[in-house]
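Asker: Contents of target.txt (compact mmCIF, C-alpha atoms) are given next:
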# COMPACT_ATOMS: atom_id res chain seq x y z
CA MET A 1 0.00 0.00 0.00
CA LEU A 2 2.79 2.44 0.94
CA ARG A 3 4.60 1.48 -2.25
CA ALA A 4 1.49 2.30 -4.27
CA LEU A 5 1.08 5.60 -2.45
CA ARG A 6 4.69 6.45 -3.22
CA PHE A 7 4.06 5.70 -6.89
CA PHE A 8 1.11 8.08 -7.06
CA PHE A 9 3.04 10.83 -5.29
CA ILE A 10 5.88 10.37 -7.80
CA LEU A 11 3.36 10.49 -10.64
CA GLY A 12 1.61 13.56 -9.20
CA LEU A 13 -2.14 13.19 -9.58
CA HIS A 14 -3.01 16.87 -9.27
CA PRO A 15 -2.10 19.63 -11.73
CA SER A 16 0.00 22.42 -10.24
CA TYR A 17 -2.69 25.07 -10.90
CA ALA A 18 -5.17 23.08 -8.78
CA LEU A 19 -2.67 22.85 -5.92
CA ALA A 20 -1.97 26.60 -6.22
CA LEU A 21 -5.72 27.26 -6.00
CA LEU A 22 -5.93 25.00 -2.95
CA ALA A 23 -3.07 26.89 -1.29
CA ALA A 24 -4.84 30.21 -2.01
CA ILE A 25 -8.10 28.91 -0.49
CA VAL A 26 -6.28 27.70 2.63
CA VAL A 27 -4.56 31.09 3.03
CA ILE A 28 -7.87 32.97 2.60
CA GLY A 29 -9.65 30.53 4.95
CA GLU A 30 -6.91 30.93 7.56
CA TRP A 31 -7.07 34.71 7.38
CA THR A 32 -10.90 34.76 7.58
CA THR A 33 -10.89 32.37 10.56
CA ARG A 34 -8.23 34.34 12.42
CA VAL A 35 -10.10 37.63 11.88
CA THR A 36 -13.56 36.16 12.65
CA PRO A 37 -13.38 32.73 14.32
CA GLY A 38 -17.08 32.15 13.62
CA GLU A 39 -16.36 32.29 9.88
CA LEU A 40 -14.47 28.98 9.70
CA ASP A 41 -17.22 27.63 7.43
CA THR A 42 -16.31 30.16 4.73
CA GLY A 43 -12.92 28.54 4.20
CA LEU A 44 -14.28 25.03 4.67
CA GLY A 45 -17.04 25.66 2.12
CA MET A 46 -14.59 26.91 -0.51
CA LEU A 47 -12.31 23.98 0.17
CA LEU A 48 -15.19 21.49 -0.04
CA PHE A 49 -16.15 22.98 -3.39
CA LEU A 50 -12.58 22.61 -4.70
CA GLN A 51 -12.30 19.09 -3.26
CA MET A 52 -15.12 17.98 -5.58
CA PHE A 53 -12.74 18.61 -8.48
CA LEU A 54 -9.47 17.69 -6.76
CA VAL A 55 -10.54 14.14 -5.87
CA SER A 56 -11.93 13.46 -9.33
CA THR A 57 -8.50 12.43 -10.62
CA GLY A 58 -9.80 9.55 -12.78
CA PHE A 59 -8.29 6.09 -12.54
CA ALA A 60 -9.29 4.10 -15.60
CA ILE A 61 -8.20 6.58 -18.29
CA PRO A 62 -4.55 7.09 -17.19
CA ALA A 63 -4.40 3.37 -16.38
CA ARG A 64 -5.46 2.59 -19.96
CA GLN A 65 -2.86 5.02 -21.27
CA GLY A 66 -0.32 2.78 -19.57
CA HIS A 67 0.75 5.33 -16.95
CA PHE A 68 0.17 2.93 -14.04
CA ASP A 69 1.71 -0.13 -15.75
CA PRO A 70 4.81 -0.37 -13.51
CA LEU A 71 2.57 -0.40 -10.43
CA LEU A 72 -0.21 -2.59 -11.81
CA THR A 73 2.28 -5.25 -12.91
CA SER A 74 3.88 -5.33 -9.46
CA ALA A 75 2.70 -7.72 -6.78
CA GLU A 76 0.35 -5.10 -5.27
CA SER A 77 -3.33 -6.11 -5.46
CA ARG A 78 -5.66 -3.99 -7.60
CA PRO A 79 -7.99 -2.89 -4.75
CA ARG A 80 -4.93 -1.76 -2.76
CA VAL A 81 -3.64 0.17 -5.76
CA ALA A 82 -7.06 1.79 -6.17
CA ALA A 83 -7.22 2.59 -2.44
CA ALA A 84 -3.78 4.21 -2.64
CA HIS A 85 -4.93 6.20 -5.70
CA CYS A 86 -7.97 7.36 -3.73
CA LEU A 87 -5.86 8.37 -0.72
CA ALA A 88 -3.38 10.24 -2.91
CA SER A 89 -6.29 12.02 -4.62
CA ILE A 90 -7.84 13.04 -1.30
CA ALA A 91 -4.61 13.96 0.50
CA PRO A 92 -4.01 17.59 -0.60
CA GLY A 93 -7.60 18.68 0.10
CA ALA A 94 -7.66 16.79 3.40
CA ALA A 95 -4.39 18.44 4.44
CA GLY A 96 -5.87 21.87 3.67
CA TRP A 97 -9.02 20.97 5.60
CA LEU A 98 -7.04 19.86 8.67
CA THR A 99 -4.99 23.05 8.52
CA LEU A 100 -8.16 25.16 8.62
CA ALA A 101 -9.78 23.02 11.31
CA ILE A 102 -6.71 23.22 13.57
CA THR A 103 -6.55 26.98 13.04
CA GLY A 104 -10.23 27.15 13.98
CA LEU A 105 -9.49 25.16 17.11
CA ALA A 106 -6.61 27.48 18.02
CA VAL A 107 -8.73 30.63 17.69
CA GLY A 108 -11.76 29.09 19.40
CA SER A 109 -14.05 28.69 16.40
CA PRO A 110 -17.31 26.97 17.41
CA ALA A 111 -17.25 24.82 14.25
CA ALA A 112 -13.69 23.52 14.75
CA TRP A 113 -14.48 20.24 16.54
CA SER A 114 -17.19 19.45 14.01
CA ALA A 115 -14.62 19.99 11.25
CA LEU A 116 -12.31 17.47 12.92
CA ILE A 117 -14.64 14.75 14.16
CA GLY A 118 -18.23 15.82 13.51
CA ASP A 119 -20.71 16.52 10.72
CA ARG A 120 -18.37 18.84 8.86
CA MET A 121 -15.74 16.13 8.67
CA ALA A 122 -18.49 13.81 7.38
CA ALA A 123 -19.07 16.35 4.59
CA LEU A 124 -15.40 16.12 3.60
CA VAL A 125 -15.49 12.31 3.68
CA ILE A 126 -18.65 12.19 1.56
CA VAL A 127 -17.33 14.66 -1.03
CA SER A 128 -13.98 12.85 -1.20
CA ALA A 129 -15.43 9.35 -1.52
CA ILE A 130 -18.17 10.25 -4.00
CA GLY A 131 -15.93 12.51 -6.07
CA TRP A 132 -13.28 9.82 -6.42
CA THR A 133 -15.76 6.99 -7.04
CA ALA A 134 -17.85 8.92 -9.57
CA GLY A 135 -14.70 10.03 -11.37
CA PHE A 136 -13.21 6.53 -11.50
CA LEU A 137 -14.00 5.96 -15.17
CA LEU A 138 -14.12 9.64 -16.19
CA PRO A 139 -11.49 12.19 -17.26
CA ARG A 140 -9.88 14.34 -14.56
CA GLY A 141 -12.31 16.78 -12.93
CA ALA A 142 -15.36 15.45 -14.81
CA ALA A 143 -17.12 14.11 -11.71
CA GLY A 144 -16.80 17.55 -10.07
CA VAL A 145 -18.29 19.25 -13.12
CA ILE A 146 -21.25 16.82 -13.23
CA TRP A 147 -21.86 17.16 -9.50
CA ILE A 148 -21.76 20.95 -9.57
CA ALA A 149 -24.07 20.97 -12.62
CA ALA A 150 -26.57 18.84 -10.66
CA LEU A 151 -26.38 21.18 -7.64
CA VAL A 152 -26.78 24.28 -9.83
CA THR A 153 -29.84 22.66 -11.44
CA LEU A 154 -31.33 22.12 -7.97
CA LEU A 155 -30.55 25.73 -7.11
CA LEU A 156 -32.10 27.13 -10.30
CA THR A 157 -35.24 25.05 -9.87
CA HIS A 158 -35.54 26.35 -6.28
CA THR A 159 -35.57 22.81 -4.95
CA ASP A 160 -35.32 22.64 -1.16
CA VAL A 161 -32.43 20.31 -0.38
CA VAL A 162 -33.92 19.77 3.07
CA PRO A 163 -37.65 19.94 2.30
CA ALA A 164 -39.77 21.24 5.18
CA TRP A 165 -42.35 18.47 4.66
CA SER A 166 -39.69 15.82 5.33
CA LEU A 167 -39.49 16.96 8.96
CA ALA A 168 -43.16 16.09 9.43
CA MET A 169 -42.72 12.55 8.04
CA GLU A 170 -42.30 9.40 10.05
CA ARG A 171 -38.78 9.34 11.53
CA SER A 172 -37.41 6.44 9.45
CA VAL A 173 -38.62 8.09 6.22
CA ALA A 174 -37.16 11.44 7.27
CA VAL A 175 -33.82 9.77 8.05
CA LEU A 176 -33.71 8.21 4.58
CA ILE A 177 -34.68 11.44 2.81
CA HIS A 178 -32.08 13.40 4.77
CA ALA A 179 -29.43 10.75 4.15
CA VAL A 180 -30.03 11.21 0.41
CA THR A 181 -29.88 15.00 0.89
CA VAL A 182 -26.56 14.77 2.74
CA THR A 183 -25.14 12.47 0.06
CA VAL A 184 -26.21 14.65 -2.87
CA CYS A 185 -25.42 17.98 -1.18
CA PRO A 186 -22.93 17.58 1.68
CA PHE A 187 -22.78 21.39 1.88
CA VAL A 188 -25.87 21.22 4.12
CA LEU A 189 -23.54 20.02 6.86
CA LEU A 190 -21.75 23.38 6.88
CA GLY A 191 -23.07 26.65 8.23
CA VAL A 192 -26.59 27.08 9.51
CA HIS A 193 -29.03 24.66 7.96
CA PRO A 194 -32.43 23.16 8.79
CA PRO A 195 -32.17 20.37 11.38
CA LEU A 196 -31.53 16.92 9.93
CA ALA A 197 -33.13 13.76 11.30
CA ASN A 198 -30.83 11.97 13.76
CA GLY A 199 -28.96 9.14 12.07
CA SER A 200 -29.12 10.55 8.55
CA VAL A 201 -25.40 11.40 8.46
CA PRO A 202 -24.19 7.93 9.60
CA ILE A 203 -26.54 6.31 7.06
CA ALA A 204 -25.20 8.57 4.30
CA LEU A 205 -21.64 7.63 5.34
CA CYS A 206 -22.53 3.91 5.23
CA VAL A 207 -24.06 4.22 1.74
CA VAL A 208 -21.10 6.22 0.43
CA GLY A 209 -18.66 3.80 2.06
CA THR A 210 -20.41 0.82 0.44
CA VAL A 211 -20.33 2.41 -3.01
CA TRP A 212 -16.64 3.29 -2.51
CA TRP A 213 -15.84 -0.28 -1.41
CA PHE A 214 -17.67 -1.67 -4.44
CA ALA A 215 -15.60 0.60 -6.73
CA LEU A 216 -12.37 -0.60 -5.07
CA THR A 217 -13.18 -4.29 -5.40
CA SER A 218 -14.47 -3.90 -8.97
CA THR A 219 -10.93 -2.95 -10.03
CA ARG A 220 -10.10 -6.67 -9.93
CA ARG A 221 -12.13 -7.08 -13.13
CA LEU A 222 -11.04 -3.80 -14.74
CA ASP A 223 -9.55 -4.39 -18.17
CA VAL A 224 -6.47 -2.20 -18.47
CA TYR A 225 -6.19 -2.46 -22.24
CA LEU A 226 -4.11 0.13 -24.01
CA VAL A 227 -5.71 3.16 -25.63
CA ASP A 228 -3.88 5.88 -27.50
CA ARG A 229 -3.57 9.27 -25.91
CA ALA A 230 -6.21 11.66 -27.21
CA MET B 1 12.47 -27.27 -17.10
CA SER B 2 9.01 -26.03 -16.08
CA ALA B 3 7.54 -22.90 -17.63
CA ARG B 4 7.94 -19.56 -15.89
CA LEU B 5 5.05 -18.04 -17.84
CA GLU B 6 2.09 -20.06 -19.04
CA LEU B 7 -0.96 -18.96 -20.98
CA ALA B 8 -3.42 -21.82 -21.43
CA GLY B 9 -6.47 -21.63 -23.67
CA VAL B 10 -6.73 -17.86 -23.36
CA VAL B 11 -9.76 -16.27 -25.00
CA LYS B 12 -10.31 -12.52 -25.34
CA THR B 13 -13.05 -10.77 -27.26
CA TYR B 14 -13.29 -7.04 -27.92
CA ASP B 15 -16.50 -5.58 -29.36
CA GLY B 16 -17.66 -8.97 -30.59
CA GLN B 17 -14.34 -9.70 -32.29
CA ARG B 18 -12.37 -12.63 -30.89
CA VAL B 19 -8.78 -11.40 -30.66
CA LEU B 20 -7.40 -14.46 -28.88
CA ASP B 21 -9.03 -17.83 -29.43
CA ARG B 22 -7.78 -20.52 -27.04
CA ALA B 23 -4.19 -19.32 -27.31
CA TRP B 24 -1.48 -21.36 -25.59
CA LEU B 25 2.02 -20.20 -24.83
CA LEU B 26 4.83 -21.34 -22.55
CA VAL B 27 8.00 -19.42 -21.76
CA LYS B 28 10.71 -21.14 -19.76
CA PRO B 29 13.39 -19.53 -17.59
CA GLY B 30 16.36 -18.45 -19.70
CA GLU B 31 14.25 -18.33 -22.82
CA ALA B 32 13.50 -15.28 -24.98
CA VAL B 33 10.43 -15.87 -27.10
CA GLY B 34 9.76 -13.61 -30.07
CA LEU B 35 6.07 -13.00 -30.69
CA ILE B 36 5.31 -12.06 -34.27
CA GLY B 37 2.07 -11.40 -36.07
CA ALA B 38 0.32 -8.94 -38.32
CA ASN B 39 -1.02 -5.60 -37.09
CA GLY B 40 -4.12 -6.27 -35.01
CA ALA B 41 -3.26 -9.93 -34.50
CA GLY B 42 -3.51 -9.49 -30.73
CA LYS B 43 0.16 -9.27 -29.70
CA THR B 44 -0.36 -6.31 -27.36
CA THR B 45 -3.46 -7.92 -25.88
CA MET B 46 -1.53 -11.13 -25.30
CA LEU B 47 1.33 -9.30 -23.59
CA ARG B 48 -1.06 -7.30 -21.40
CA ILE B 49 -2.90 -10.47 -20.44
CA ALA B 50 0.44 -12.07 -19.54
CA ALA B 51 1.25 -8.97 -17.46
CA GLY B 52 -2.05 -9.26 -15.61
CA LEU B 53 -3.32 -5.95 -16.95
CA VAL B 54 -6.08 -7.33 -19.16
CA VAL B 55 -8.45 -9.96 -17.80
CA PRO B 56 -9.04 -12.87 -20.22
CA ASP B 57 -12.62 -14.01 -20.91
CA ALA B 58 -11.50 -17.62 -20.46
CA GLY B 59 -8.29 -19.56 -19.94
CA LEU B 60 -5.48 -19.42 -17.45
CA VAL B 61 -2.46 -17.20 -17.02
CA ARG B 62 0.17 -18.50 -14.67
CA THR B 63 3.49 -17.07 -13.62
CA LEU B 64 5.34 -19.79 -11.78
CA LYS B 65 8.35 -19.85 -9.53
CA ALA B 66 9.43 -22.62 -7.21
CA ASN B 67 10.01 -20.34 -4.23
CA GLY B 68 9.19 -16.75 -3.44
CA ARG B 69 7.20 -14.07 -5.20
CA ILE B 70 7.47 -13.76 -8.94
CA SER B 71 8.55 -10.41 -10.32
CA VAL B 72 7.06 -9.33 -13.64
CA ARG B 73 8.28 -6.36 -15.66
CA TYR B 74 6.39 -5.01 -18.62
CA PHE B 75 7.02 -2.15 -21.02
CA GLY B 76 4.28 -1.22 -23.47
CA GLY B 77 6.26 1.40 -25.39
CA GLU B 78 7.09 5.08 -25.00
CA ARG B 79 3.44 6.12 -25.33
CA THR B 80 2.75 4.56 -21.92
CA LEU B 81 5.10 6.96 -20.12
CA PRO B 82 3.30 9.84 -18.34
CA PRO B 83 4.26 13.02 -20.27
CA ALA B 84 3.95 15.42 -17.31
CA VAL B 85 6.45 13.57 -15.11
CA SER B 86 10.16 14.37 -15.18
CA ARG B 87 12.82 11.78 -16.00
CA LYS B 88 14.25 12.28 -12.52
CA ARG B 89 10.96 11.50 -10.74
CA TRP B 90 10.11 8.52 -12.94
CA ALA B 91 13.60 7.04 -12.47
CA ARG B 92 13.17 7.33 -8.69
CA TRP B 93 10.36 4.75 -8.81
CA PHE B 94 12.74 2.23 -10.40
CA GLY B 95 15.49 3.03 -7.91
CA VAL B 96 17.69 4.61 -10.57
CA ALA B 97 19.49 7.92 -10.07
CA ASP B 98 18.83 10.36 -12.92
CA GLN B 99 19.45 14.09 -12.62
CA ASP B 100 17.62 15.08 -15.83
CA ARG B 101 14.63 17.24 -14.84
CA ARG B 102 13.10 17.38 -18.32
CA LEU B 103 9.51 16.19 -18.61
CA LEU B 104 9.06 12.87 -20.39
CA GLY B 105 6.65 14.53 -22.82
CA ARG B 106 9.44 16.90 -23.94
CA LEU B 107 11.80 14.11 -24.97
CA SER B 108 12.00 12.78 -28.51
CA ARG B 109 10.14 9.55 -29.21
CA GLY B 110 13.34 7.54 -29.43
CA SER B 111 14.73 9.03 -26.22
CA ARG B 112 11.49 8.22 -24.38
CA GLN B 113 11.56 4.65 -25.71
CA LEU B 114 15.17 4.14 -24.66
CA PHE B 115 14.56 5.69 -21.23
CA GLY B 116 11.49 3.50 -20.67
CA LEU B 117 13.46 0.39 -21.59
CA GLN B 118 16.40 1.43 -19.40
CA MET B 119 14.04 1.71 -16.44
CA THR B 120 12.26 -1.57 -17.17
CA LEU B 121 15.51 -3.45 -17.62
CA ALA B 122 17.27 -1.71 -14.73
CA ARG B 123 19.05 -3.67 -12.06
CA GLY B 124 17.18 -5.86 -9.60
CA ASP B 125 15.34 -9.13 -9.91
CA ALA B 126 12.94 -9.98 -12.70
CA ASP B 127 11.53 -13.43 -13.41
CA VAL B 128 9.34 -12.52 -16.36
CA ILE B 129 10.01 -9.64 -18.77
CA LEU B 130 7.41 -8.60 -21.32
CA LEU B 131 8.33 -6.09 -24.01
CA ASP B 132 5.95 -4.73 -26.64
CA GLU B 133 7.67 -3.47 -29.81
CA PRO B 134 10.80 -2.50 -27.86
CA TRP B 135 13.00 -1.64 -30.87
CA GLU B 136 10.52 0.94 -32.23
CA GLY B 137 12.16 4.37 -32.48
CA LEU B 138 15.59 3.24 -31.30
CA ASP B 139 18.72 4.22 -33.22
CA PRO B 140 21.29 1.49 -34.09
CA ASN B 141 23.19 2.08 -30.82
CA GLY B 142 20.01 1.84 -28.79
CA ALA B 143 18.92 -1.27 -30.68
CA ALA B 144 22.29 -2.94 -30.05
CA TRP B 145 22.09 -1.98 -26.35
CA LEU B 146 18.62 -3.52 -26.09
CA THR B 147 19.66 -6.75 -27.79
CA ALA B 148 22.59 -7.06 -25.40
CA ARG B 149 20.35 -6.41 -22.37
CA VAL B 150 17.81 -9.02 -23.51
CA ASP B 151 20.64 -11.52 -23.84
CA GLU B 152 21.95 -10.57 -20.40
CA TRP B 153 18.56 -11.03 -18.70
CA ARG B 154 18.05 -14.32 -20.53
CA ARG B 155 21.39 -15.60 -19.25
CA ARG B 156 20.35 -14.55 -15.75
CA GLY B 157 17.37 -16.92 -16.04
CA ALA B 158 14.53 -14.53 -16.79
CA ALA B 159 11.73 -15.61 -19.12
CA LEU B 160 11.25 -13.00 -21.85
CA LEU B 161 8.36 -12.53 -24.24
CA ILE B 162 8.97 -9.88 -26.87
CA SER B 163 6.70 -8.74 -29.68
CA SER B 164 8.15 -6.91 -32.65
CA HIS B 165 7.87 -6.34 -36.37
CA ARG B 166 11.62 -5.74 -36.56
CA LEU B 167 12.52 -9.29 -37.57
CA HIS B 168 16.28 -8.68 -37.79
CA ASP B 169 16.46 -7.41 -34.21
CA LEU B 170 14.05 -10.04 -32.97
CA SER B 171 15.97 -12.86 -34.60
CA SER B 172 19.22 -11.76 -32.98
CA ALA B 173 17.69 -11.44 -29.50
CA CYS B 174 15.29 -14.37 -29.25
CA THR B 175 15.81 -18.11 -28.93
CA ARG B 176 12.35 -19.19 -30.09
CA PHE B 177 9.56 -17.67 -32.17
CA VAL B 178 5.80 -17.85 -32.01
CA LEU B 179 3.41 -16.65 -34.69
CA LEU B 180 0.13 -15.21 -33.49
CA GLN B 181 -2.45 -15.73 -36.19
CA ASP B 182 -6.25 -16.02 -36.09
CA GLY B 183 -6.08 -15.68 -32.32
CA ARG B 184 -3.81 -18.70 -31.84
CA CYS B 185 -0.11 -19.21 -31.26
CA ARG B 186 1.96 -21.38 -33.56
CA ASP B 187 5.51 -22.36 -32.69
CA MET B 188 7.92 -21.74 -35.55
CA ASP B 189 10.89 -23.94 -36.28
CA THR B 190 13.73 -21.72 -37.35
CA ALA B 191 17.34 -22.31 -38.13
CA ASP B 192 20.14 -20.30 -36.55
CA GLY B 193 21.99 -17.48 -38.28
CA ALA B 194 20.95 -15.36 -41.24
CA ASP B 195 18.53 -18.01 -42.50
CA ARG B 196 16.34 -17.35 -39.53
CA VAL B 197 15.44 -13.82 -40.71
CA VAL B 198 14.62 -15.14 -44.17
CA GLN B 199 12.39 -17.80 -42.63
CA LEU B 200 10.57 -15.24 -40.49
CA GLU B 201 10.09 -12.99 -43.52
CA GLN B 202 8.72 -15.92 -45.49
CA VAL B 203 6.15 -16.58 -42.79
CA PHE B 204 4.94 -13.01 -43.17
CA SER B 205 4.83 -13.14 -46.94
CA ARG B 206 2.84 -16.43 -46.84
CA ARG B 207 0.12 -15.01 -44.58
So that I can check it, write out the structure of this file as structure tokens.
Answerer:
Amino acid sequence: MLRALRFFFILGLHPSYALALLAAIVVIGEWTTRVTPGELDTGLGMLLFLQMFLVSTGFAIPARQGHFDPLLTSAESRPRVAAAHCLASIAPGAAGWLTLAITGLAVGSPAAWSALIGDRMAALVIVSAIGWTAGFLLPRGAAGVIWIAALVTLLLTHTDVVPAWSLAMERSVAVLIHAVTVTVCPFVLLGVHPPLANGSVPIALCVVGTVWWFALTSTRRLDVYLVDRA
Amino acid sequence: MSARLELAGVVKTYDGQRVLDRAWLLVKPGEAVGLIGANGAGKTTMLRIAAGLVVPDAGLVRTLKANGRISVRYFGGERTLPPAVSRKRWARWFGVADQDRRLLGRLSRGSRQLFGLQMTLARGDADVILLDEPWEGLDPNGAAWLTARVDEWRRRGAALLISSHRLHDLSSACTRFVLLQDGRCRDMDTADGADRVVQLEQVFSRR
């Protein structure tokens, strides 16, 4: 696993402009949090938005261009290689997130603990896992574009991501509806938002984790045939 | 001597077209097998199946060693090198020191091919070596270097499977030849020396 991680860090999964943008967001987020500790969510929100694109590094396409051949022909198992690819894809954004969360903790931001071990951290996990999984077969950044397009569509159609009527439903139904909401729009876990049914976040994490695990294990049957570079 | 690499009854179909049709192939330690065949015959598919990159629809692929883990090295040609990575970084993965910071995409095709081969055939242990069109783009010096390295690895007991259209180079590097035609492998009996190239050329002209 460490060997595979090393390979992906040598390869460099993220373009330098994306890392520069990440650094800029972390600097802005740090400054905002230091000036107004209650504004930690501003930096976290920007970072979560960027993470949607950062984690969508795409596995199958560079693999089929032969870029991963030295690793895939080594003794490392495919799911481990895919897990290492996922970790390497998540790492820069997660490092930025932790930097902001620790700064928030240092300046006494009320959202800091949630960003480390609570709902806000769940938002990062969901975005990272879905972004990587959805982008598995797609070109770099494509999953982020599709996801943002879906969210913009919801916004333009004035769709309530946490519909008021769901709060009046039976608890189990409300939990399911809110779990879907959290999965589709993890941004509801930042800032001030309508209350979510208890248990909806763990259920969303379980669903996302299952899909992610399925993507990892499916790599065993992935045909890494050779395609020419476009 | 038992085979180091064994493909038994391998079938692979792409888009309804059967590329490999119950193909069998054995490569023993210390043997360099030349894989020849027309364009589209399935040589690259066969090599990638042997490398464990492509999953066959049916059949078995076995890499065998009496004790310990088997080490497989595969090079699919310069196009498989990531263009945005520097020579220095890529060499680090193979444990080779290289101070050249130029990106692989900025090198000439021949330089990329030679660099990729140098990394694949770098020091260390390898039980099975799979090379796809390795002489493509190499100048005469590079071609001679590659032939010498293939011979060196063969003498060290590695099993090599090499596909190429460059019959002269292939004939000087390999000990046995297999023709891939209609999805199946056929062993070719060839004489030593210059006659061998003529024989290989005749096989192509008879197709």
Asker: Can you measure CA of Leu137 (chain A) to CA of Leu2 (chain A) for me? One decimal in Å is fine.
Answerer: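 Computing the Euclidean distance for CA of Leu137 (chain A) and CA of Leu2 (chain A) yields 23.5 Å.
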Asker: Taking the point (-36.2, 11.9, 1.8) as given in the file, collect each protein or nucleic acid residue that comes within 12 Å of it, counting all atoms listed in the file, and present the set as a ChimeraX atom specification.
Answerer: /A:160-184,196-197,200,204
Asker: Determine, counting only C-alpha atoms, which protein, DNA and RNA residues have an atom within 9 Å of an atom of Arg120 (chain A); residues of the same chain fewer than 3 positions away are not included. Present the result as a list in words.
Answerer: Asp41, Leu44, Ala111, Ala112, Trp113, Ser114, Ala115, Leu116, Ile117, Ala123, Leu124, Val125, Pro186, Phe187, Leu189 and Leu190 of chain A
Asker: Near Leu117 (chain B), within 12 Å and counting only C-alpha atoms, which residues show up once chain neighbours fewer than 5 positions away are dropped, as an NGL selection string?
Answerer: (:A and (70)) or (:B and (73-78 or 80-81 or 91 or 94 or 110-112 or 122-123 or 129-138 or 142-143 or 145-147 or 149-150))
Asker: Give me, as a list in words, the contact residues of chain B against chain A at a cut-off of 7 Å, counting all atoms listed in the file.
Answerer: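 Residues satisfying the distance criterion: Ala51, Gly52, Leu53, Val54, Val55, Ser71, Val72, Arg73, Thr80, Leu81, Pro82, Val85, Arg89, Trp90 and Trp93 of chain B.
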Asker: Show me, as a PyMOL selection string, the residues that have an atom within 12 Å of Thr210 (chain A) when counting only C-alpha atoms, minus same-chain residues fewer than 5 positions from it.
Answerer: chain A and resi 126+129-130+133+203-205+215-217
Asker: Mind checking which residues fall within 12 Å of Ala148 (chain B), counting all atoms listed in the file, ignoring those fewer than 2 positions away in the same chain, and posting them as a JSON list (two decimals) with C-alpha atoms, keeping the file's coordinate frame?
Answerer:
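After the write, result-v7.json holds the following:
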[["chain", "number", "residue", "atom", "x", "y", "z"],
["B", 121, "LEU", "CA", 15.51, -3.45, -17.62],
["B", 141, "ASN", "CA", 23.19, 2.08, -30.82],
["B", 142, "GLY", "CA", 20.01, 1.84, -28.79],
["B", 143, "ALA", "CA", 18.92, -1.27, -30.68],
["B", 144, "ALA", "CA", 22.29, -2.94, -30.05],
["B", 145, "TRP", "CA", 22.09, -1.98, -26.35],
["B", 146, "LEU", "CA", 18.62, -3.52, -26.09],
["B", 150, "VAL", "CA", 17.81, -9.02, -23.51],
["B", 151, "ASP", "CA", 20.64, -11.52, -23.84],
["B", 152, "GLU", "CA", 21.95, -10.57, -20.40],
["B", 153, "TRP", "CA", 18.56, -11.03, -18.70],
["B", 154, "ARG", "CA", 18.05, -14.32, -20.53],
["B", 155, "ARG", "CA", 21.39, -15.60, -19.25],
["B", 169, "ASP", "CA", 16.46, -7.41, -34.21],
["B", 170, "LEU", "CA", 14.05, -10.04, -32.97],
["B", 172, "SER", "CA", 19.22, -11.76, -32.98],
["B", 173, "ALA", "CA", 17.69, -11.44, -29.50],
["B", 174, "CYS", "CA", 15.29, -14.37, -29.25]]
Asker: Report, in Å with one decimal, the straight-line distance from CA of Ile90 (chain A) to CA of Arg48 (chain B).
Answerer: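 For CA of Ile90 (chain A) relative to CA of Arg48 (chain B), the distance reads 29.4 Å.
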Asker: Which distance in Å separates CA of Thr32 (chain A) and CA of Gly108 (chain A), to one decimal?
Answerer: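 Result for CA of Thr32 (chain A) versus CA of Gly108 (chain A): 13.1 Å, one decimal.
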Asker: Filtering to C-alpha atoms, could region 121-133 of chain A of the supplied structure be written out as a tab-separated table (two decimals), in the first residue's frame?
Answerer:
chain	number	residue	atom	x	y	z
A	121	MET	CA	-15.74	16.13	8.67
A	122	ALA	CA	-18.49	13.81	7.38
A	123	ALA	CA	-19.07	16.35	4.59
A	124	LEU	CA	-15.40	16.12	3.60
A	125	VAL	CA	-15.49	12.31	3.68
A	126	ILE	CA	-18.65	12.19	1.56
A	127	VAL	CA	-17.33	14.66	-1.03
A	128	SER	CA	-13.98	12.85	-1.20
A	129	ALA	CA	-15.43	9.35	-1.52
A	130	ILE	CA	-18.17	10.25	-4.00
A	131	GLY	CA	-15.93	12.51	-6.07
A	132	TRP	CA	-13.28	9.82	-6.42
A	133	THR	CA	-15.76	6.99	-7.04
